[in-house]
>>> print(open('query_17.csv').read())   # CSV, C-alpha atoms
chain,number,residue,atom,x,y,z
T,1,ILE,CA,122.2,100.9,126.5
T,2,SER,CA,122.1,102.4,129.9
T,3,VAL,CA,123.6,105.9,130.6
T,4,LYS,CA,125.8,104.4,133.3
T,5,THR,CA,127.4,101.9,130.8
T,6,LEU,CA,127.9,104.6,128.2
T,7,GLU,CA,129.5,106.9,130.8
T,8,ASP,CA,131.7,104.1,132.2
T,9,MET,CA,132.9,103.3,128.7
T,10,GLY,CA,133.6,107.0,127.9
T,11,VAL,CA,131.0,107.3,125.2
T,12,TRP,CA,130.0,110.9,124.6
T,13,TRP,CA,127.7,112.9,122.3
T,14,GLN,CA,128.5,115.9,120.1
T,15,ASP,CA,126.1,118.4,118.8
T,16,ASP,CA,126.0,116.8,115.3
T,17,ASP,CA,122.8,115.6,113.7
T,18,ASP,CA,124.6,113.1,111.6
T,19,TYR,CA,127.4,111.6,113.6
T,20,ALA,CA,126.5,112.5,117.2
T,21,VAL,CA,127.8,109.4,119.1
T,22,ARG,CA,131.6,109.3,119.8
T,23,ILE,CA,133.3,106.0,120.9
T,24,PRO,CA,136.8,106.3,122.2
T,25,TYR,CA,139.3,103.5,121.5
T,26,ARG,CA,141.6,103.5,124.5
T,27,HIS,CA,144.9,101.9,125.3
T,28,MET,CA,147.0,101.8,128.5
T,29,HIS,CA,148.4,105.3,128.1
T,30,GLY,CA,145.5,107.1,126.5
T,31,GLU,CA,143.5,106.8,123.3
T,32,TRP,CA,144.2,105.7,119.7
T,33,TYR,CA,141.3,107.6,118.3
T,34,THR,CA,137.6,108.2,118.5
T,35,ARG,CA,135.1,106.8,116.1
T,36,SER,CA,131.9,108.7,115.2
T,37,LEU,CA,128.7,106.7,114.7
T,38,LEU,CA,125.9,107.6,112.5
T,39,SER,CA,122.9,108.9,114.4
T,40,PRO,CA,119.8,106.7,114.2
T,41,THR,CA,117.8,109.7,113.1
T,42,ALA,CA,120.2,110.7,110.3
T,43,ASP,CA,119.5,110.1,106.6
T,44,ARG,CA,121.3,106.8,106.1
T,45,ASP,CA,121.3,106.8,102.2
T,46,ASN,CA,124.9,106.6,100.9
T,47,ARG,CA,126.5,107.3,104.2
T,48,PRO,CA,128.9,105.1,106.1
T,49,LYS,CA,127.5,104.0,109.5
T,50,VAL,CA,130.8,104.9,111.2
T,51,LEU,CA,133.5,107.4,110.6
T,52,SER,CA,137.1,106.7,111.6
T,53,PRO,CA,140.0,109.1,111.4
T,54,LYS,CA,141.8,109.1,108.0
T,55,ASN,CA,144.4,106.3,107.8
T,56,ALA,CA,143.5,104.9,111.2
T,57,GLU,CA,144.4,101.3,111.9
T,58,HIS,CA,141.8,98.9,113.1
T,59,HIS,CA,141.9,98.3,116.9
T,60,MET,CA,140.0,96.0,119.2
T,61,TYR,CA,137.3,97.8,121.1
T,62,ASN,CA,137.4,97.4,124.9
T,63,PRO,CA,140.4,95.0,125.5
T,64,LEU,CA,141.6,97.0,128.6
T,65,ARG,CA,138.5,96.1,130.6
T,66,LEU,CA,139.3,92.3,130.3
T,67,GLY,CA,143.0,91.7,130.0
T,68,PRO,CA,144.7,88.4,129.1
T,69,ASN,CA,143.5,86.5,132.2
T,70,ALA,CA,139.8,86.8,131.5
T,71,GLU,CA,137.7,83.7,132.1
T,72,LEU,CA,135.0,84.5,129.5
T,73,VAL,CA,135.0,86.8,126.6
T,74,PHE,CA,132.2,87.6,124.1
T,75,PHE,CA,133.6,88.7,120.8
T,76,CYS,CA,131.2,91.1,119.1
T,77,GLU,CA,130.8,92.8,115.8
T,78,GLY,CA,130.7,96.6,116.3
T,79,GLU,CA,130.7,98.9,119.2
T,80,TYR,CA,126.9,98.9,119.8
T,81,ASP,CA,126.8,95.1,120.1
T,82,THR,CA,129.8,95.2,122.5
T,83,LEU,CA,128.2,97.9,124.6
T,84,SER,CA,125.0,95.9,124.7
T,85,VAL,CA,126.7,92.8,126.1
T,86,ILE,CA,128.6,94.9,128.6
T,87,ASP,CA,125.3,96.5,129.6
T,88,THR,CA,123.9,93.1,130.5
T,89,GLY,CA,126.9,92.4,132.8
T,90,TYR,CA,129.0,90.1,130.6
T,91,PRO,CA,132.6,90.8,129.5
T,92,ALA,CA,132.9,91.7,125.8
T,93,VAL,CA,135.3,93.1,123.2
T,94,GLY,CA,134.5,94.1,119.7
T,95,SER,CA,135.9,94.5,116.2
T,96,GLN,CA,134.9,97.2,113.9
T,97,GLY,CA,133.4,94.7,111.5
T,98,THR,CA,133.9,91.1,110.5
T,99,ASN,CA,136.7,91.9,108.1
T,100,THR,CA,138.7,94.0,110.6
T,101,PHE,CA,139.3,91.4,113.2
T,102,ASN,CA,143.0,90.6,113.5
T,103,PRO,CA,143.6,87.0,114.7
T,104,VAL,CA,146.6,88.2,116.8
T,105,TRP,CA,144.1,89.9,119.1
T,106,GLY,CA,142.7,86.4,119.9
T,107,ARG,CA,146.0,85.5,121.5
T,108,LEU,CA,145.1,87.8,124.4
T,109,PHE,CA,142.3,85.5,125.3
T,110,GLY,CA,143.8,82.1,124.6
T,111,GLY,CA,143.0,80.8,128.1
T,112,ALA,CA,139.5,82.1,128.1
T,113,THR,CA,136.2,80.6,127.1
T,114,ASN,CA,135.6,82.6,123.9
T,115,CYS,CA,132.0,83.2,122.7
T,116,ILE,CA,131.9,84.6,119.2
T,117,ALA,CA,128.8,86.7,118.7
T,118,PHE,CA,128.9,88.3,115.3
T,119,ASP,CA,125.8,89.4,113.4
T,120,GLY,CA,123.4,86.9,111.8
T,121,ASP,CA,124.4,87.5,108.2
T,122,ALA,CA,126.6,85.7,105.8
T,123,ALA,CA,129.7,87.8,106.7
T,124,GLY,CA,129.1,87.3,110.4
T,125,ILE,CA,128.6,83.5,110.1
T,126,LEU,CA,131.8,83.1,108.0
T,127,ALA,CA,133.8,85.3,110.3
T,128,SER,CA,132.5,83.4,113.4
T,129,ARG,CA,133.6,80.1,111.9
T,130,THR,CA,137.0,81.4,111.0
T,131,LEU,CA,137.6,82.8,114.5
T,132,ARG,CA,136.4,79.6,116.1
T,133,LYS,CA,139.0,77.7,114.0
T,134,PHE,CA,141.7,80.1,115.1
T,135,PHE,CA,140.8,79.6,118.8
T,136,ARG,CA,140.6,75.8,118.5
T,137,ALA,CA,144.0,75.8,116.8
T,138,GLN,CA,145.3,77.4,119.9
T,139,GLU,CA,143.5,74.7,121.9
T,140,SER,CA,141.2,77.3,123.4
T,141,ASP,CA,137.5,76.9,124.1
T,142,ALA,CA,135.4,78.6,121.4
T,143,PHE,CA,131.7,78.7,120.9
T,144,ILE,CA,129.6,80.5,118.3
T,145,VAL,CA,126.5,82.4,119.5
T,146,GLU,CA,124.1,81.8,116.6
T,147,MET,CA,122.0,84.7,115.7
T,148,GLU,CA,118.8,84.7,113.6
T,149,GLU,CA,119.4,85.9,110.1
T,150,GLY,CA,119.4,89.7,110.0
T,151,THR,CA,119.7,90.2,113.7
T,152,ASP,CA,122.5,91.3,116.0
T,153,LEU,CA,123.0,91.5,119.8
T,154,ASN,CA,121.9,95.2,120.0
T,155,ASP,CA,118.6,94.2,118.4
T,156,LEU,CA,118.1,91.7,121.2
T,157,HIS,CA,119.1,94.3,123.8
T,158,GLN,CA,116.6,96.8,122.5
T,159,GLN,CA,113.9,94.1,122.8
T,160,GLY,CA,115.0,93.6,126.5
T,161,ILE,CA,115.9,89.9,126.0
T,162,LEU,CA,119.7,90.0,125.5
T,163,GLY,CA,120.6,89.1,129.1
T,164,GLU,CA,118.3,86.1,129.1
T,165,PHE,CA,119.5,85.1,125.6
T,166,LEU,CA,123.2,85.1,126.7
T,167,ARG,CA,122.4,83.3,130.0
T,168,GLU,CA,120.6,80.6,128.1
T,169,PHE,CA,123.4,80.3,125.6
T,170,LEU,CA,125.9,79.8,128.5
T,171,GLU,CA,123.6,77.2,130.1
T,172,GLU,CA,123.1,75.3,126.9
T,173,ASN,CA,126.8,75.1,126.3
T,174,GLU,CA,127.6,74.2,129.9
T,175,ILE,CA,129.7,77.3,130.4
T,176,ASP,CA,129.9,78.2,134.1
T,177,TYR,CA,130.1,82.0,134.6
T,178,GLU,CA,128.7,84.3,137.2
T,179,ARG,CA,128.2,88.0,136.6
>>> encode(input="query_17.csv", output="structure tokens")
Amino acid sequence: ISVKTLEDMGVWWQDDDDYAVRIPYRHMHGEWYTRSLLSPTADRDNRPKVLSPKNAEHHMYNPLRLGPNAELVFFCEGEYDTLSVIDTGYPAVGSQGTNTFNPVWGRLFGGATNCIAFDGDAAGILASRTLRKFFRAQESDAFIVEMEEGTDLNDLHQQGILGEFLREFLEENEIDYER
């Protein structure tokens, strides 16, 4: 993820070998809280990937950059996937995991073309189908971005192919969008 995107999104680093990356969750008047992500170099055994403040409610990541009149929205699982999509030039919001997405959040994007891009695992597939049903019940366009088993959007971004992958997805589904 480019330094520019990280700076634009307010992501910052702290001198902490274990949880160095800090991701702010913003709202119109400030910030709900900051989540700390486990460093890729940290010992991952028996540690949560992300730390949230105690008793913090789940919030959607990045809704302020899109607003309710967005044409196209990629719904991602996790901050890194969301940042990866943003880094390729596409609009994205994220949930903190498949079990934290609140369907009420989807109402913000009822008029948009919604592309659900959760991870390629059982939880991601189930959550994608559930969210697509929600959007279709609202009579909104909803598409599932199918990921290979065990992969996510950040994996594709690290390989340098995420932009092409998303462009091809949009073309295959006849979704007209210019970055």
>>> atom_distance(input="query_17.csv", atom1="CA of Gly111 (chain T)", atom2="CA of Ala142 (chain T)")
10.4 Å
>>> residues_around(input="query_17.csv", residues="region 165-178 of chain T", least_positions_apart="4", cutoff="9 Å", atoms="all atoms listed in the file", output="ChimeraX atom specification")
/T:71-72,85,88,90,113,143,145,156,161
>>> atom_distance(input="query_17.csv", atom1="CA of Arg65 (chain T)", atom2="CA of Gln96 (chain T)")
17.1 Å
>>> closest_residue(input="query_17.csv", among="T:Arg132, T:Thr82, T:Val3, T:Gly120", to="Thr151 (chain T)", atoms="only C-alpha atoms")
T:Gly120
>>> closest_residue(input="query_17.csv", among="T:Leu66, T:Leu131, T:Met60, T:Ala123", to="Glu79 (chain T)", atoms="all atoms listed in the file")
T:Met60
>>> closest_residue(input="query_17.csv", among="T:Tyr61, T:Tyr33, T:Phe101, T:Phe118", to="Cys76 (chain T)", atoms="all atoms listed in the file")
T:Phe118
>>> decode(input="query_17.csv", residues="region 53-90 of chain T", atoms="N, CA, C and O atoms", output="PDB file, in the first residue's frame")
ATOM      1  N   PRO T  53      -9.996  -0.908  21.168  1.00  0.00           N
ATOM      2  CA  PRO T  53     -10.175  -0.482  22.556  1.00  0.00           C
ATOM      3  C   PRO T  53     -11.222  -1.363  23.254  1.00  0.00           C
ATOM      4  O   PRO T  53     -12.154  -1.854  22.610  1.00  0.00           O
ATOM      5  N   LYS T  54     -11.074  -1.552  24.560  1.00  0.00           N
ATOM      6  CA  LYS T  54     -12.025  -2.354  25.334  1.00  0.00           C
ATOM      7  C   LYS T  54     -13.440  -1.818  25.153  1.00  0.00           C
ATOM      8  O   LYS T  54     -13.654  -0.604  25.189  1.00  0.00           O
ATOM      9  N   ASN T  55     -14.383  -2.737  24.961  1.00  0.00           N
ATOM     10  CA  ASN T  55     -15.813  -2.419  24.834  1.00  0.00           C
ATOM     11  C   ASN T  55     -16.144  -1.518  23.651  1.00  0.00           C
ATOM     12  O   ASN T  55     -17.198  -0.895  23.633  1.00  0.00           O
ATOM     13  N   ALA T  56     -15.255  -1.428  22.685  1.00  0.00           N
ATOM     14  CA  ALA T  56     -15.524  -0.601  21.500  1.00  0.00           C
ATOM     15  C   ALA T  56     -16.564  -1.284  20.615  1.00  0.00           C
ATOM     16  O   ALA T  56     -16.535  -2.490  20.425  1.00  0.00           O
ATOM     17  N   GLU T  57     -17.492  -0.491  20.094  1.00  0.00           N
ATOM     18  CA  GLU T  57     -18.472  -1.013  19.153  1.00  0.00           C
ATOM     19  C   GLU T  57     -17.807  -1.154  17.793  1.00  0.00           C
ATOM     20  O   GLU T  57     -16.814  -0.488  17.497  1.00  0.00           O
ATOM     21  N   HIS T  58     -18.387  -2.002  16.967  1.00  0.00           N
ATOM     22  CA  HIS T  58     -17.860  -2.155  15.609  1.00  0.00           C
ATOM     23  C   HIS T  58     -18.377  -1.013  14.739  1.00  0.00           C
ATOM     24  O   HIS T  58     -19.543  -0.656  14.808  1.00  0.00           O
ATOM     25  N   HIS T  59     -17.481  -0.469  13.944  1.00  0.00           N
ATOM     26  CA  HIS T  59     -17.841   0.598  13.020  1.00  0.00           C
ATOM     27  C   HIS T  59     -17.350   0.240  11.628  1.00  0.00           C
ATOM     28  O   HIS T  59     -16.398  -0.518  11.470  1.00  0.00           O
ATOM     29  N   MET T  60     -17.993   0.818  10.645  1.00  0.00           N
ATOM     30  CA  MET T  60     -17.555   0.651   9.260  1.00  0.00           C
ATOM     31  C   MET T  60     -16.288   1.479   9.065  1.00  0.00           C
ATOM     32  O   MET T  60     -16.186   2.601   9.561  1.00  0.00           O
ATOM     33  N   TYR T  61     -15.341   0.912   8.319  1.00  0.00           N
ATOM     34  CA  TYR T  61     -14.103   1.622   8.039  1.00  0.00           C
ATOM     35  C   TYR T  61     -14.240   2.398   6.737  1.00  0.00           C
ATOM     36  O   TYR T  61     -14.590   1.827   5.706  1.00  0.00           O
ATOM     37  N   ASN T  62     -14.014   3.700   6.782  1.00  0.00           N
ATOM     38  CA  ASN T  62     -13.929   4.596   5.639  1.00  0.00           C
ATOM     39  C   ASN T  62     -15.256   5.046   5.025  1.00  0.00           C
ATOM     40  O   ASN T  62     -15.284   5.415   3.853  1.00  0.00           O
ATOM     41  N   PRO T  63     -16.374   5.106   5.709  1.00  0.00           N
ATOM     42  CA  PRO T  63     -17.607   5.544   5.037  1.00  0.00           C
ATOM     43  C   PRO T  63     -17.609   7.021   4.668  1.00  0.00           C
ATOM     44  O   PRO T  63     -18.284   7.414   3.717  1.00  0.00           O
ATOM     45  N   LEU T  64     -16.836   7.833   5.372  1.00  0.00           N
ATOM     46  CA  LEU T  64     -16.857   9.275   5.118  1.00  0.00           C
ATOM     47  C   LEU T  64     -16.301   9.646   3.753  1.00  0.00           C
ATOM     48  O   LEU T  64     -16.650  10.677   3.193  1.00  0.00           O
ATOM     49  N   ARG T  65     -15.438   8.821   3.199  1.00  0.00           N
ATOM     50  CA  ARG T  65     -14.846   9.132   1.905  1.00  0.00           C
ATOM     51  C   ARG T  65     -15.817   8.879   0.756  1.00  0.00           C
ATOM     52  O   ARG T  65     -15.550   9.263  -0.371  1.00  0.00           O
ATOM     53  N   LEU T  66     -16.933   8.184   1.038  1.00  0.00           N
ATOM     54  CA  LEU T  66     -17.858   7.818  -0.034  1.00  0.00           C
ATOM     55  C   LEU T  66     -19.194   8.524   0.078  1.00  0.00           C
ATOM     56  O   LEU T  66     -19.668   9.123  -0.864  1.00  0.00           O
ATOM     57  N   GLY T  67     -19.824   8.419   1.206  1.00  0.00           N
ATOM     58  CA  GLY T  67     -21.126   9.036   1.396  1.00  0.00           C
ATOM     59  C   GLY T  67     -22.239   8.258   0.733  1.00  0.00           C
ATOM     60  O   GLY T  67     -22.010   7.319  -0.027  1.00  0.00           O
ATOM     61  N   PRO T  68     -23.481   8.655   1.026  1.00  0.00           N
ATOM     62  CA  PRO T  68     -24.635   7.901   0.545  1.00  0.00           C
ATOM     63  C   PRO T  68     -24.931   8.046  -0.946  1.00  0.00           C
ATOM     64  O   PRO T  68     -25.796   7.351  -1.451  1.00  0.00           O
ATOM     65  N   ASN T  69     -24.245   8.898  -1.665  1.00  0.00           N
ATOM     66  CA  ASN T  69     -24.508   9.058  -3.099  1.00  0.00           C
ATOM     67  C   ASN T  69     -23.429   8.422  -3.969  1.00  0.00           C
ATOM     68  O   ASN T  69     -23.280   8.768  -5.136  1.00  0.00           O
ATOM     69  N   ALA T  70     -22.704   7.494  -3.421  1.00  0.00           N
ATOM     70  CA  ALA T  70     -21.634   6.837  -4.174  1.00  0.00           C
ATOM     71  C   ALA T  70     -22.219   6.006  -5.316  1.00  0.00           C
ATOM     72  O   ALA T  70     -23.279   5.400  -5.180  1.00  0.00           O
ATOM     73  N   GLU T  71     -21.529   5.990  -6.448  1.00  0.00           N
ATOM     74  CA  GLU T  71     -21.936   5.171  -7.604  1.00  0.00           C
ATOM     75  C   GLU T  71     -21.558   3.716  -7.424  1.00  0.00           C
ATOM     76  O   GLU T  71     -22.289   2.821  -7.802  1.00  0.00           O
ATOM     77  N   LEU T  72     -20.365   3.495  -6.908  1.00  0.00           N
ATOM     78  CA  LEU T  72     -19.785   2.165  -6.792  1.00  0.00           C
ATOM     79  C   LEU T  72     -19.104   2.053  -5.437  1.00  0.00           C
ATOM     80  O   LEU T  72     -18.437   2.994  -5.001  1.00  0.00           O
ATOM     81  N   VAL T  73     -19.293   0.906  -4.776  1.00  0.00           N
ATOM     82  CA  VAL T  73     -18.653   0.677  -3.487  1.00  0.00           C
ATOM     83  C   VAL T  73     -18.167  -0.762  -3.434  1.00  0.00           C
ATOM     84  O   VAL T  73     -18.925  -1.690  -3.714  1.00  0.00           O
ATOM     85  N   PHE T  74     -16.903  -0.933  -3.073  1.00  0.00           N
ATOM     86  CA  PHE T  74     -16.377  -2.260  -2.770  1.00  0.00           C
ATOM     87  C   PHE T  74     -16.455  -2.440  -1.259  1.00  0.00           C
ATOM     88  O   PHE T  74     -15.938  -1.608  -0.516  1.00  0.00           O
ATOM     89  N   PHE T  75     -17.131  -3.496  -0.822  1.00  0.00           N
ATOM     90  CA  PHE T  75     -17.214  -3.845   0.590  1.00  0.00           C
ATOM     91  C   PHE T  75     -16.131  -4.875   0.872  1.00  0.00           C
ATOM     92  O   PHE T  75     -16.127  -5.954   0.289  1.00  0.00           O
ATOM     93  N   CYS T  76     -15.209  -4.533   1.765  1.00  0.00           N
ATOM     94  CA  CYS T  76     -14.038  -5.370   2.021  1.00  0.00           C
ATOM     95  C   CYS T  76     -14.049  -5.896   3.445  1.00  0.00           C
ATOM     96  O   CYS T  76     -14.696  -5.344   4.322  1.00  0.00           O
ATOM     97  N   GLU T  77     -13.277  -6.951   3.651  1.00  0.00           N
ATOM     98  CA  GLU T  77     -13.122  -7.549   4.975  1.00  0.00           C
ATOM     99  C   GLU T  77     -11.770  -7.116   5.532  1.00  0.00           C
ATOM    100  O   GLU T  77     -10.727  -7.587   5.091  1.00  0.00           O
ATOM    101  N   GLY T  78     -11.807  -6.210   6.464  1.00  0.00           N
ATOM    102  CA  GLY T  78     -10.583  -5.760   7.113  1.00  0.00           C
ATOM    103  C   GLY T  78     -10.002  -4.494   6.505  1.00  0.00           C
ATOM    104  O   GLY T  78     -10.271  -4.128   5.363  1.00  0.00           O
ATOM    105  N   GLU T  79      -9.192  -3.856   7.319  1.00  0.00           N
ATOM    106  CA  GLU T  79      -8.619  -2.568   6.926  1.00  0.00           C
ATOM    107  C   GLU T  79      -7.601  -2.696   5.805  1.00  0.00           C
ATOM    108  O   GLU T  79      -7.581  -1.880   4.888  1.00  0.00           O
ATOM    109  N   TYR T  80      -6.741  -3.717   5.860  1.00  0.00           N
ATOM    110  CA  TYR T  80      -5.721  -3.848   4.818  1.00  0.00           C
ATOM    111  C   TYR T  80      -6.347  -4.072   3.437  1.00  0.00           C
ATOM    112  O   TYR T  80      -5.894  -3.508   2.445  1.00  0.00           O
ATOM    113  N   ASP T  81      -7.387  -4.893   3.360  1.00  0.00           N
ATOM    114  CA  ASP T  81      -8.058  -5.101   2.076  1.00  0.00           C
ATOM    115  C   ASP T  81      -8.693  -3.802   1.591  1.00  0.00           C
ATOM    116  O   ASP T  81      -8.612  -3.457   0.419  1.00  0.00           O
ATOM    117  N   THR T  82      -9.324  -3.074   2.508  1.00  0.00           N
ATOM    118  CA  THR T  82      -9.946  -1.798   2.148  1.00  0.00           C
ATOM    119  C   THR T  82      -8.895  -0.823   1.635  1.00  0.00           C
ATOM    120  O   THR T  82      -9.074  -0.184   0.589  1.00  0.00           O
ATOM    121  N   LEU T  83      -7.784  -0.708   2.355  1.00  0.00           N
ATOM    122  CA  LEU T  83      -6.710   0.191   1.931  1.00  0.00           C
ATOM    123  C   LEU T  83      -6.121  -0.237   0.588  1.00  0.00           C
ATOM    124  O   LEU T  83      -5.755   0.607  -0.234  1.00  0.00           O
ATOM    125  N   SER T  84      -6.036  -1.537   0.346  1.00  0.00           N
ATOM    126  CA  SER T  84      -5.510  -2.040  -0.928  1.00  0.00           C
ATOM    127  C   SER T  84      -6.397  -1.603  -2.090  1.00  0.00           C
ATOM    128  O   SER T  84      -5.900  -1.169  -3.134  1.00  0.00           O
ATOM    129  N   VAL T  85      -7.711  -1.720  -1.924  1.00  0.00           N
ATOM    130  CA  VAL T  85      -8.638  -1.307  -2.986  1.00  0.00           C
ATOM    131  C   VAL T  85      -8.549   0.200  -3.209  1.00  0.00           C
ATOM    132  O   VAL T  85      -8.488   0.671  -4.345  1.00  0.00           O
ATOM    133  N   ILE T  86      -8.508   0.963  -2.122  1.00  0.00           N
ATOM    134  CA  ILE T  86      -8.374   2.418  -2.234  1.00  0.00           C
ATOM    135  C   ILE T  86      -7.077   2.772  -2.956  1.00  0.00           C
ATOM    136  O   ILE T  86      -7.048   3.675  -3.799  1.00  0.00           O
ATOM    137  N   ASP T  87      -6.020   2.053  -2.662  1.00  0.00           N
ATOM    138  CA  ASP T  87      -4.717   2.308  -3.280  1.00  0.00           C
ATOM    139  C   ASP T  87      -4.751   2.084  -4.792  1.00  0.00           C
ATOM    140  O   ASP T  87      -3.966   2.691  -5.517  1.00  0.00           O
ATOM    141  N   THR T  88      -5.649   1.220  -5.266  1.00  0.00           N
ATOM    142  CA  THR T  88      -5.760   0.994  -6.716  1.00  0.00           C
ATOM    143  C   THR T  88      -6.671   2.018  -7.385  1.00  0.00           C
ATOM    144  O   THR T  88      -6.809   1.996  -8.605  1.00  0.00           O
ATOM    145  N   GLY T  89      -7.303   2.881  -6.585  1.00  0.00           N
ATOM    146  CA  GLY T  89      -8.129   3.946  -7.153  1.00  0.00           C
ATOM    147  C   GLY T  89      -9.624   3.677  -7.147  1.00  0.00           C
ATOM    148  O   GLY T  89     -10.389   4.435  -7.732  1.00  0.00           O
ATOM    149  N   TYR T  90     -10.053   2.626  -6.477  1.00  0.00           N
ATOM    150  CA  TYR T  90     -11.479   2.315  -6.406  1.00  0.00           C
ATOM    151  C   TYR T  90     -12.028   2.667  -5.022  1.00  0.00           C
ATOM    152  O   TYR T  90     -11.315   2.593  -4.025  1.00  0.00           O
TER     153      TYR T  90
END
